[in-house]
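Heads up: the structure comes next, in structure tokens.
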Amino acid sequence: MPQLNLYGLSVEELSEVLRPLDARSFTARQIAAQLYGRGVRDFARMTDLPVSIRQSLAERFSILLPEPARILESGDGTVRYVLSLPAGGSVEAVMIPDRGRVTLCLSSQAGCALGCTFCMTATLGLERNLSPGDIAGQAALLMERHHLEVNTFNIVLMGMGEPLHNYDSVVAALRLLTDTPAGFGLSPRRVTISTAGLAPQIEALGREPVVPRLAVSLNATTDESRSRLMPINRRYPIARLMEACRAFLSRRGSRLTLEYVMLSGVNDAPSDLQRLARLALSLPARVNLIPFNTTPELAFQPSPAEIVHDFREGLVERGVMASIRRSRGRDIRAACGQLAFGMSGEGDATRRAGSVHPEGGVFS
Ligand code: SAH
């Protein structure tokens, strides 16, 4: 019989599985502190536990995290990991160094069910939801490989998948990441969840005990255009989405960013700029403009650099805080919307990686 993997279990779940072992009541908490707080992956090294307990743990349980199946390094320092998950399947995670700061971009699902027409991950469909351990384990792995101390980096759930479509695992992972000492001890302000706009889950997230930063992928300013780009808009149109964003923002200390992928001739007209400014001011939210990353499989073109620049200026003139995301790791297909090859055709991805055109320019 395969051993039960303890990695990712909460203190309560650990207490439950430890029950037959006749362990002391605080043993679960000690194990969680070792696993998540100190990154210990070997029962023998949990020296605050009695030897007999360590032995019974090793006989019954395993500690398994996502493991690198392939590592690709970009010329700009970005490192893309294709990871095999302990329970099967694979996802991608990306380490992005930027002027002394590091961002870890993690996945929440293998593939994605939402079908956004400008995103490569969507072409895979949903393979499976990640467990809390799969999500927190990506952070643990990247921290270890890049020697990152707690609270010296940010985490964004902007890799593969729709985090709020895997709500329970994402919230459980958030607890693992932010608890202390039974978790990693990260500040919730250093964790950003990015969503395509699942309104009820946005509202629920605002009521959680631990609230992360939220980024909402708006990407269009009319329902007609947004429904074409993001089918989820038919279920939760812009007005409903804004209502959910307002509910989230009513939570004290919460912050929200609107993300806006700039697609030439699709969402970059002056009228879009006006509507985008109005939506952002109505929350209020800051705006992050994302230069579209092309792949030969997708029919869209990036907005010219001048238009992206003008959009930012126009937003700022109207009183909106706005920035342009610097695209990173395009040469290894690690940029936004390009994660798709961890699961199949990985050989193809590597071959294609050399021929990606860095269209749209690099913004700084
Ligand atoms: N499902 C979540 C998180 C994953 S996508 C969400 O939708 O927010 C993370 C960001 O990348 C989103 O803002 C998305 O709009 C953007 N994105 C997707 N495909 C892209 C592409 N080809 N080029 C640039 N950004 C893209």
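A note on labels: chains of the structure tokens are A, B, ... as shown, every chain counts residues from 1, and ligands are counted from 1 in their shown order.
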Show me which residues line ligand 1, defined as having an atom within 7 Å of a ligand atom where only C-alpha atoms and all ligand atoms count, and present them as a tab-separated table (two decimals) with N, CA and C atoms, in the first residue's frame.
chain	number	residue	atom	x	y	z
A	118	PHE	N	-6.78	33.96	-25.18
A	118	PHE	CA	-5.45	34.52	-25.41
A	118	PHE	C	-4.40	33.82	-24.57
A	119	CYS	N	-4.76	32.74	-23.88
A	119	CYS	CA	-3.84	32.10	-22.93
A	119	CYS	C	-3.53	30.67	-23.35
A	120	MET	N	-2.24	30.33	-23.38
A	120	MET	CA	-1.81	28.99	-23.78
A	120	MET	C	-2.27	27.91	-22.81
A	157	LEU	N	0.14	33.73	-7.46
A	157	LEU	CA	-0.53	32.56	-8.04
A	157	LEU	C	-1.01	32.97	-9.42
A	158	MET	N	-0.04	33.06	-10.33
A	158	MET	CA	-0.31	33.49	-11.70
A	158	MET	C	0.26	32.50	-12.70
A	159	GLY	N	0.58	31.32	-12.21
A	159	GLY	CA	1.07	30.28	-13.11
A	159	GLY	C	-0.10	29.60	-13.79
A	160	MET	N	-0.02	28.28	-13.91
A	160	MET	CA	-1.12	27.57	-14.57
A	160	MET	C	-2.34	27.53	-13.65
A	161	GLY	N	-3.51	27.67	-14.26
A	161	GLY	CA	-4.74	27.43	-13.53
A	161	GLY	C	-5.44	28.67	-13.03
A	162	GLU	N	-6.66	28.46	-12.56
A	162	GLU	CA	-7.46	29.52	-11.97
A	162	GLU	C	-7.55	29.24	-10.47
A	163	PRO	N	-6.82	30.03	-9.66
A	163	PRO	CA	-6.75	29.74	-8.22
A	163	PRO	C	-8.13	29.61	-7.56
A	194	SER	N	-4.25	35.71	-8.31
A	194	SER	CA	-4.76	36.33	-9.54
A	194	SER	C	-5.94	35.51	-10.04
A	195	THR	N	-7.03	36.19	-10.34
A	195	THR	CA	-8.23	35.47	-10.78
A	195	THR	C	-8.81	36.05	-12.06
A	196	ALA	N	-9.43	35.16	-12.85
A	196	ALA	CA	-10.13	35.58	-14.05
A	196	ALA	C	-11.48	36.20	-13.70
A	215	ALA	N	-5.41	40.11	-7.46
A	215	ALA	CA	-5.29	40.70	-8.80
A	215	ALA	C	-6.43	40.12	-9.63
A	216	VAL	N	-7.15	40.99	-10.31
A	216	VAL	CA	-8.28	40.53	-11.12
A	216	VAL	C	-7.95	40.80	-12.59
A	217	SER	N	-8.00	39.75	-13.39
A	217	SER	CA	-7.68	39.88	-14.80
A	217	SER	C	-8.89	40.43	-15.53
A	219	ASN	N	-8.92	42.71	-18.48
A	219	ASN	CA	-8.59	42.44	-19.89
A	219	ASN	C	-9.54	43.00	-20.94
A	259	GLU	N	-5.63	43.61	-13.73
A	259	GLU	CA	-4.65	43.27	-14.75
A	259	GLU	C	-5.31	43.45	-16.12
A	260	TYR	N	-4.52	43.90	-17.07
A	260	TYR	CA	-5.08	44.22	-18.38
A	260	TYR	C	-4.07	43.84	-19.46
A	261	VAL	N	-4.30	42.69	-20.10
A	261	VAL	CA	-3.42	42.23	-21.17
A	261	VAL	C	-3.73	43.04	-22.42
A	290	ILE	N	-0.38	44.52	-19.06
A	290	ILE	CA	0.49	43.39	-19.40
A	290	ILE	C	0.67	43.32	-20.90
A	291	PRO	N	1.91	43.54	-21.39
A	291	PRO	CA	2.15	43.33	-22.82
A	291	PRO	C	1.83	41.88	-23.18
A	292	PHE	N	1.06	41.69	-24.22
A	292	PHE	CA	0.66	40.34	-24.63
A	292	PHE	C	1.88	39.54	-25.10
A	293	ASN	N	2.00	38.33	-24.60
A	293	ASN	CA	3.07	37.45	-25.06
A	293	ASN	C	2.54	36.55	-26.15
A	294	THR	N	3.12	36.68	-27.31
A	294	THR	CA	2.60	35.90	-28.45
A	294	THR	C	3.14	34.48	-28.43
A	336	CYS	N	3.86	35.32	-18.86
A	336	CYS	CA	2.41	35.22	-18.65
A	336	CYS	C	1.74	34.58	-19.84
A	337	GLY	N	0.90	33.60	-19.60
A	337	GLY	CA	0.09	33.02	-20.65
A	337	GLY	C	0.83	32.02	-21.53
A	338	GLN	N	2.11	31.77	-21.21
A	338	GLN	CA	2.88	30.85	-22.06
A	338	GLN	C	3.08	29.48	-21.43
Check your understanding: Can you list, as a PyMOL selection string, every protein, DNA or RNA residue that comes within 12 Å of stretch 228-236 of chain A when you count only C-alpha atoms, leaving out same-chain residues fewer than 6 positions away?
Key -> chain A and resi 113-119+122+162+165+195-202+217-222+242-245+260-263+266-267+298-300
Check your understanding: Would you give me, as a PyMOL selection string, the residues in stretch 119-295 of chain A that DSSP reads as strand (DSSP E)?
Key -> chain A and resi 126-129+153-157+191-195+213-217+256-262+286-291
Excluding A:Arg278 and its own-chain neighbours fewer than 6 positions away, which residues fall within 12 Å of it when counting only C-alpha atoms? Please give them as a compact mmCIF listing (two decimals) with N, CA and C atoms, in the first residue's frame.
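out_9.txt, written as the output of this step:
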# COMPACT_ATOMS: atom_id res chain seq x y z
N THR A 221 -13.14 46.03 -21.42
CA THR A 221 -13.95 47.02 -20.70
C THR A 221 -15.44 46.97 -21.06
N MET A 242 -17.36 43.76 -10.60
CA MET A 242 -17.03 44.98 -9.86
C MET A 242 -17.66 44.96 -8.47
N SER A 271 -11.42 54.59 -26.36
CA SER A 271 -12.66 54.38 -25.57
C SER A 271 -12.43 53.32 -24.48
N ASP A 272 -11.56 52.33 -24.75
CA ASP A 272 -11.22 51.34 -23.72
C ASP A 272 -10.49 52.01 -22.57
N PRO A 284 -11.54 51.79 -5.44
CA PRO A 284 -10.53 52.03 -6.45
C PRO A 284 -9.50 50.89 -6.48
N ALA A 285 -8.89 50.76 -7.67
CA ALA A 285 -7.84 49.75 -7.84
C ALA A 285 -6.73 50.33 -8.69
N ARG A 286 -5.54 49.78 -8.53
CA ARG A 286 -4.48 50.17 -9.45
C ARG A 286 -4.56 49.26 -10.67
N VAL A 287 -3.89 49.65 -11.74
CA VAL A 287 -3.95 48.86 -12.97
C VAL A 287 -2.55 48.41 -13.36
N GLY A 314 -2.32 57.78 -19.93
CA GLY A 314 -3.73 58.18 -19.89
C GLY A 314 -4.38 57.81 -18.56
N LEU A 315 -4.02 56.65 -18.05
CA LEU A 315 -4.58 56.23 -16.76
C LEU A 315 -4.08 57.15 -15.65
N VAL A 316 -2.77 57.41 -15.68
CA VAL A 316 -2.17 58.25 -14.64
C VAL A 316 -2.79 59.65 -14.67
N ARG A 318 -5.68 60.41 -15.49
CA ARG A 318 -7.04 60.36 -14.94
C ARG A 318 -7.04 59.99 -13.46
N GLY A 319 -5.87 59.91 -12.88
CA GLY A 319 -5.79 59.68 -11.42
C GLY A 319 -5.71 58.21 -11.02
N VAL A 320 -5.39 57.32 -11.99
CA VAL A 320 -5.27 55.90 -11.68
C VAL A 320 -3.80 55.53 -11.54
Exercise for review: Would you kindly return, as a PyMOL selection string, each protein, DNA or RNA residue with an atom no farther than 9 Å from any atom of A:Arg189, considering only C-alpha atoms and excluding same-chain residues fewer than 2 positions away?
Suggested key: chain A and resi 154+186-187+191-192+211-213+254-255
Could the residues in this selection be saved with N, CA, C and O atoms as an mmCIF file, in the first residue's frame?
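For reference, result.cif as written:
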data_model
loop_
_atom_site.group_PDB
_atom_site.id
_atom_site.type_symbol
_atom_site.label_atom_id
_atom_site.label_comp_id
_atom_site.auth_asym_id
_atom_site.auth_seq_id
_atom_site.Cartn_x
_atom_site.Cartn_y
_atom_site.Cartn_z
ATOM 1 N N ASN A 154 8.239 37.642 -3.062
ATOM 2 C CA ASN A 154 6.780 37.639 -3.181
ATOM 3 C C ASN A 154 6.324 36.378 -3.901
ATOM 4 O O ASN A 154 7.073 35.812 -4.700
ATOM 5 N N LEU A 186 5.135 33.425 6.029
ATOM 6 C CA LEU A 186 5.173 34.530 5.059
ATOM 7 C C LEU A 186 4.093 35.557 5.407
ATOM 8 O O LEU A 186 3.008 35.201 5.860
ATOM 9 N N SER A 187 4.372 36.798 5.144
ATOM 10 C CA SER A 187 3.363 37.832 5.323
ATOM 11 C C SER A 187 2.312 37.694 4.222
ATOM 12 O O SER A 187 2.656 37.566 3.050
ATOM 13 N N VAL A 191 1.716 37.695 -0.732
ATOM 14 C CA VAL A 191 1.098 36.664 -1.572
ATOM 15 C C VAL A 191 -0.041 37.298 -2.374
ATOM 16 O O VAL A 191 -0.929 37.922 -1.807
ATOM 17 N N THR A 192 0.018 37.153 -3.696
ATOM 18 C CA THR A 192 -1.046 37.684 -4.559
ATOM 19 C C THR A 192 -1.732 36.541 -5.291
ATOM 20 O O THR A 192 -1.077 35.705 -5.912
ATOM 21 N N VAL A 211 -6.159 37.148 4.492
ATOM 22 C CA VAL A 211 -6.521 37.693 3.180
ATOM 23 C C VAL A 211 -5.263 38.092 2.409
ATOM 24 O O VAL A 211 -4.488 38.931 2.861
ATOM 25 N N PRO A 212 -5.063 37.484 1.240
ATOM 26 C CA PRO A 212 -3.900 37.838 0.434
ATOM 27 C C PRO A 212 -4.201 39.092 -0.394
ATOM 28 O O PRO A 212 -5.297 39.622 -0.341
ATOM 29 N N ARG A 213 -3.228 39.536 -1.161
ATOM 30 C CA ARG A 213 -3.497 40.566 -2.176
ATOM 31 C C ARG A 213 -4.269 39.904 -3.308
ATOM 32 O O ARG A 213 -4.094 38.712 -3.562
ATOM 33 N N SER A 254 -7.314 45.454 2.634
ATOM 34 C CA SER A 254 -7.203 44.666 1.405
ATOM 35 C C SER A 254 -6.793 45.560 0.228
ATOM 36 O O SER A 254 -7.066 46.758 0.211
ATOM 37 N N ARG A 255 -6.124 44.957 -0.732
ATOM 38 C CA ARG A 255 -5.648 45.670 -1.920
ATOM 39 C C ARG A 255 -6.021 44.887 -3.166
ATOM 40 O O ARG A 255 -5.983 43.667 -3.151
#
Review point. What does the distance from atom CA of A:Asp22 to atom CA of A:Ala136 come to in Å, to one decimal?
Key: 28.0 Å
Check your understanding: Please, which residues of stretch 70-163 of chain A, numbered as in this document, come out alpha helix (DSSP H) from DSSP, as a PyMOL selection string?
Key -> chain A and resi 132-145
Preceding selection exported with C-alpha atoms as a tab-separated table (two decimals), in the first residue's frame:
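Saved to selection14.tsv:
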chain	number	residue	atom	x	y	z
A	132	PRO	CA	-2.42	22.39	-0.72
A	133	GLY	CA	0.90	20.50	-0.49
A	134	ASP	CA	1.40	20.76	-4.27
A	135	ILE	CA	0.97	24.54	-4.06
A	136	ALA	CA	2.98	25.22	-0.88
A	137	GLY	CA	5.53	22.62	-2.06
A	138	GLN	CA	6.30	24.72	-5.15
A	139	ALA	CA	7.23	27.58	-2.84
A	140	ALA	CA	9.33	25.28	-0.62
A	141	LEU	CA	11.19	23.89	-3.61
A	142	LEU	CA	11.97	27.28	-5.13
A	143	MET	CA	12.99	28.74	-1.76
A	144	GLU	CA	15.41	25.89	-1.25
A	145	ARG	CA	16.92	25.95	-4.73
Practice item. For stretch 31-38 of chain A, list every protein, DNA or RNA residue within 10 Å, evaluated using only C-alpha atoms, and leave out those in the same chain fewer than 4 positions away; present the list as a ChimeraX atom specification. Key: /A:6-12,14-15,26-27,42-43,45-49,63,133,136-137,140,150,176-186
Practice item. Excluding stretch 79-84 of chain A and residues on its chain fewer than 4 positions from it, collect all residues at most 7 Å away from it, counting only C-alpha atoms, and give them as a list in words. Key: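 Answer for this query is Pro66, Glu67, Pro68, Ala69, Arg70, Ile71, Leu72, Glu73, Ser74, Gly88, Gly89, Ser90, Val91, Glu92, Ala93, Val94, Met95, Ile96, Ala334 and Gly342 of chain A.
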Residue subset to file, keeping N, CA and C atoms, as a short mmCIF file (atom, residue, chain, number, x, y, z; two decimals), in the first residue's frame:
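again00.cif written:
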data_model
loop_
_atom_site.label_atom_id
_atom_site.label_comp_id
_atom_site.auth_asym_id
_atom_site.auth_seq_id
_atom_site.Cartn_x
_atom_site.Cartn_y
_atom_site.Cartn_z
N PRO A 66 6.46 18.45 -5.02
CA PRO A 66 6.70 18.47 -6.47
C PRO A 66 8.20 18.42 -6.74
N GLU A 67 8.58 17.70 -7.78
CA GLU A 67 10.02 17.57 -8.09
C GLU A 67 10.30 18.06 -9.50
N PRO A 68 11.44 18.74 -9.69
CA PRO A 68 11.75 19.25 -11.03
C PRO A 68 11.95 18.12 -12.03
N ALA A 69 11.21 18.16 -13.14
CA ALA A 69 11.42 17.21 -14.22
C ALA A 69 12.29 17.87 -15.27
N ARG A 70 12.26 19.19 -15.30
CA ARG A 70 12.99 19.95 -16.30
C ARG A 70 13.16 21.37 -15.79
N ILE A 71 14.35 21.92 -16.01
CA ILE A 71 14.62 23.29 -15.57
C ILE A 71 15.15 24.08 -16.75
N LEU A 72 14.53 25.24 -17.04
CA LEU A 72 14.96 26.06 -18.17
C LEU A 72 15.35 27.44 -17.65
N GLU A 73 16.52 27.92 -18.05
CA GLU A 73 16.98 29.22 -17.57
C GLU A 73 16.97 30.24 -18.68
N SER A 74 16.39 31.39 -18.40
CA SER A 74 16.33 32.47 -19.38
C SER A 74 17.59 33.32 -19.31
N GLY A 88 1.03 12.45 -9.37
CA GLY A 88 0.93 12.34 -10.83
C GLY A 88 0.56 13.66 -11.48
N GLY A 89 0.93 13.78 -12.74
CA GLY A 89 0.65 15.02 -13.47
C GLY A 89 1.80 16.01 -13.28
N SER A 90 1.78 17.10 -14.04
CA SER A 90 2.84 18.08 -13.87
C SER A 90 2.33 19.50 -14.06
N VAL A 91 3.06 20.43 -13.47
CA VAL A 91 2.74 21.85 -13.57
C VAL A 91 4.03 22.63 -13.73
N GLU A 92 3.91 23.94 -13.81
CA GLU A 92 5.10 24.76 -13.94
C GLU A 92 5.13 25.83 -12.86
N ALA A 93 6.34 26.19 -12.49
CA ALA A 93 6.54 27.29 -11.53
C ALA A 93 7.73 28.09 -12.04
N VAL A 94 7.73 29.39 -11.78
CA VAL A 94 8.77 30.25 -12.34
C VAL A 94 9.37 31.13 -11.25
N MET A 95 10.71 31.22 -11.22
CA MET A 95 11.41 32.11 -10.31
C MET A 95 11.85 33.33 -11.12
N ILE A 96 11.39 34.51 -10.71
CA ILE A 96 11.65 35.73 -11.48
C ILE A 96 12.44 36.73 -10.64
N ALA A 334 8.39 31.27 -20.43
CA ALA A 334 8.00 31.28 -19.03
C ALA A 334 7.12 32.47 -18.71
N GLY A 342 4.30 21.71 -19.76
CA GLY A 342 4.78 20.79 -18.75
C GLY A 342 4.14 19.43 -18.89
#
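Distances from A:Arg41, A:His146, A:Arg128, A:Arg207 to A:Gln109 were compared using only C-alpha atoms, and the smallest one belongs to A:Arg128.
Atom CA of A:Cys105 is positioned 26.8 Å from atom CA of A:Ser250.
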Review point. With distances taken over only C-alpha atoms, which of A:Glu306, A:Asp331, A:Glu208, A:Glu317 is nearest to A:Pro188?
Key: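 Result for the nearest residue to A:Pro188: A:Glu208.
Considering the residues A:Ser323, A:Ser264, A:Ser52, A:Gln30 and counting only C-alpha atoms, A:Gln301 has its shortest atom-to-atom contact with A:Ser264.
Straight-line separation from atom CA of A:Ala322 to atom CA of A:Leu289: 7.3 Å.
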Point to revise | Which residue of A:Leu241, A:Ala58, A:Leu214, A:Ala204 approaches A:Thr257 most closely, using only C-alpha atoms | key: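 For A:Thr257, the nearest of the given residues is A:Leu214.
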